[in-house]
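Step one of this worksheet: look at the structure below.
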Protein chains: 4
Amino acid sequence: MSAYKDLKIAAWNANMQLKHDGLAIQTFGNVSAFDPAAGVFAIKPSGVPYSRMRPGDMVVVDLDGRVVEGALRPSSDTKTHAVLFKNIPGIRGVAHTHSTHAVAWAQAQRAIPLFGTTHADQFPAPVPVTPLLSDSAIQGDYEEETGKLILETLAALPGPSPEMILVGGHGPFTWGSSPMQAVLNSGVLEEIARMALLTLQINPDAVPLKATLVQKHFQRKHGKNAYYGQE
Amino acid sequence: MSAYKDLKIAAWNANMQLKHDGLAIQTFGNVSAFDPAAGVFAIKPSGVPYSRMRPGDMVVVDLDGRVVEGALRPSSDTKTHAVLFKNIPGIRGVAHTHSTHAVAWAQAQRAIPLFGTTHADQFPAPVPVTPLLSDSAIQGDYEEETGKLILETLAALPGPSPEMILVGGHGPFTWGSSPMQAVLNSGVLEEIARMALLTLQINPDAVPLKATLVQKHFQRKHGKNAYYGQE
Amino acid sequence: MSAYKDLKIAAWNANMQLKHDGLAIQTFGNVSAFDPAAGVFAIKPSGVPYSRMRPGDMVVVDLDGRVVEGALRPSSDTKTHAVLFKNIPGIRGVAHTHSTHAVAWAQAQRAIPLFGTTHADQFPAPVPVTPLLSDSAIQGDYEEETGKLILETLAALPGPSPEMILVGGHGPFTWGSSPMQAVLNSGVLEEIARMALLTLQINPDAVPLKATLVQKHFQRKHGKNAYYGQE
Amino acid sequence: MSAYKDLKIAAWNANMQLKHDGLAIQTFGNVSAFDPAAGVFAIKPSGVPYSRMRPGDMVVVDLDGRVVEGALRPSSDTKTHAVLFKNIPGIRGVAHTHSTHAVAWAQAQRAIPLFGTTHADQFPAPVPVTPLLSDSAIQGDYEEETGKLILETLAALPGPSPEMILVGGHGPFTWGSSPMQAVLNSGVLEEIARMALLTLQINPDAVPLKATLVQKHFQRKHGKNAYYGQE
């Protein structure tokens, strides 16, 4: 009987939701569930199709990416997840997808402009994109370096820190208060990525949403006096 | 036993249709059902996922947006719905979505040009877009001000009044003779928004449909001698 | 007991396939099934949602569009179908959709260029688009005039006659040896309409497929020595 | 009792997956399963809809394309498959689709640029496109010539050989260590074709991914020290 049964089920549920929401095909993408007290997280095994994955296939690893429990090899992106869990306070889940429109912005190496309230409901600034890793970082501990690059890019932002980022040339990482929340953030990111491209196709001179409207929507959902949702 | 059982079921059905028709993801969007005799409407609770929503979760509010019945907090857009019910004669349902292409036109702050009969079947002029609210309106009673802005934009139109509008920088609101009709209008709006963008991508110099064809299609469905449908 | 039971079932099946294949939303589109011996066809009733339509709802009309059997009003496009059945030899089904990409080309008033073998498998020339009807034709017997316009446009084509056309500013009509074949043709048309737009987005200077390749594909499927399929 | 029962089931399974993954509509596309020991392969029958296809409908042919077992006519593309099985070492399956975005690149007669890691995970160079066949090849043994053209295009590539190619003006062919792997490769190809177009729409000056990042991703999945997947 595994001590990590609930953690594995949480990771498995969130991975299956990723698939269900159309954010990953075949074996693409991965979600992890973090238990800060135990200092471990459960993550999708590497290269296993969603259709064949069972809760018991989830791999439990520590914050250095060493396998603690599990018969399979963990996701090749495991160390990136570890860096995020170690350094972003309060998060319990990380999701990485290859969702189409978010990847397109990452490949274009462009931040996603804030054009409307759907975006502002989530985050009051463009969705950042990291620069490319240096050649030495790529040839070194690549996945850990990817995590560090995410942290550096977040640290350089002027305002609040988002729960989503684009890794340049690669694709999106998202996180949140639970593995399921990380997946929901991936879904919103894909949708605002798609809306932003369509907006520019309709009006190449589209302007970012004005600050008062951005703040109104962000604050009514995430501010001190938020009145969106049930809490 | 609730006096508003039927109203809540009508609102719930229409909200579930919104989800079923792919017009909303996660907790986005909201539909309401109005009972003019009782002076109340039932609306989706705020921030509740469609997959977990039950008829009994619908919140009944009066035309000032005060909760009359229901354990949950109503949609944050409730006051916008209230303004529309108070001021647009004969309507029984309002729908608000974040459907992708309608939002893109709203974010581009462009009215949707009338390029074909699919659009003319619905409304004989471009789908209007509101300007952005003033900063003081945004910082005031934002949702009520949004409703008023919709009314002002409708009042300024030369011809018949549509059952749909884009709120600039935000997204679409639609309404109709029933909550389900409001949802159907949201579906048509998303489709004509998508068709209009594709039309411009094929032919950037595409011209609006000529007036005789617009009138023919609008009148055969909505005119005095209409012969579309079963009534 | 209806003498037209089989005809109604054939029409209903084909209409349901239209919906199933994503070529129509809500009450959009209509398919008919023709019995040349009886000189009648069965067609979708006007404005009835696919989800509620039963075989017995199909309306049987003669070639002047007069109702022969059925409690409901036939599709408002009935006379267009009648003109096609009267004038195109050997066809047994007509389909009209508002499928997104085919409508976009119709709204752009552009024929669909022949860019590849998917298109050539179906027809060895661009998919034609009709001009707009004259104002007097629009204000006259509009649906019959639409049918005549389709025939005139077909008659002016230099080569073989297609089983599909775009009505300018409106949308596609397709036909074939059965109602189901007409629906399949609508599906192919939507797909080649989408592929053609994407081709131009990748390469605005894309050139039409060369004639030898067009003829090879068209002939291997439709020519005297065809070897595609099982007959 | 057929000696090729397992081969037919493998071919049928892979063809049904093609349909399930949205890579083919109606009767489009075909997948084959190769048995090198027996020198035969099973392939989809020509022009049969996926919805009606049974394992026993698969046609077994030898490497010259002659039918060894089966009541139906094999896919019209059978000889192209045969050429690939004869000449590409180690492959057991070939898939041909008309998937939308891959066809669009083929119709545009453009190789798919390598913009990101989703592509690099699969292949470390652009996805090649063949030139058009000469008129004499088209009018000769067309399907065999198509196979030869694919081989010539592969032979001219500087680096490793991909498991996917675009036939100019036509569409994609993919192959792999099993029929199912060939179908998975078709799915990845469609996705990177779509991502590449979207990338260019966001940033028309998007640059190919730098070589170190390409190599890192390709090698971690396919190199000597690969650590992606479970082997």
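Each chain of the structure tokens is named A, B, ... in the order shown, its residues numbered from 1; ligands are numbered from 1 in display order.
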Using only C-alpha atoms, which chain A residues lie at most 10 Å away from chain D, written as an NGL selection string? :A and (25-28 or 45-48 or 71-77 or 98-110 or 112 or 132-140 or 142 or 168-171 or 194 or 196-198 or 200-201)
List every residue of chain D that DSSP, applied to the backbone, labels as helix (DSSP H, G or I), and write the result as an NGL selection string. :D and (5-20 or 50-52 or 55-57 or 78-87 or 100-107 or 117-120 or 135-139 or 142-155 or 179-202 or 211-222)
Quick check, in Å to one decimal: how far apart do atom CA of Val167 of chain C and atom CA of Pro131 of chain C lie? 7.4 Å
From a DSSP pass on the backbone, collect the residues of segment 59-144 of chain B flagged as strand (DSSP E) and hand them back as a VMD selection string. chain B and resid 59 to 62 67 to 69 93 to 96
Considering only C-alpha atoms, state which residue in the set A:Met58, A:Val68, A:Leu18, A:Leu166 is at the smallest distance from Gly39 of chain A. A:Val68
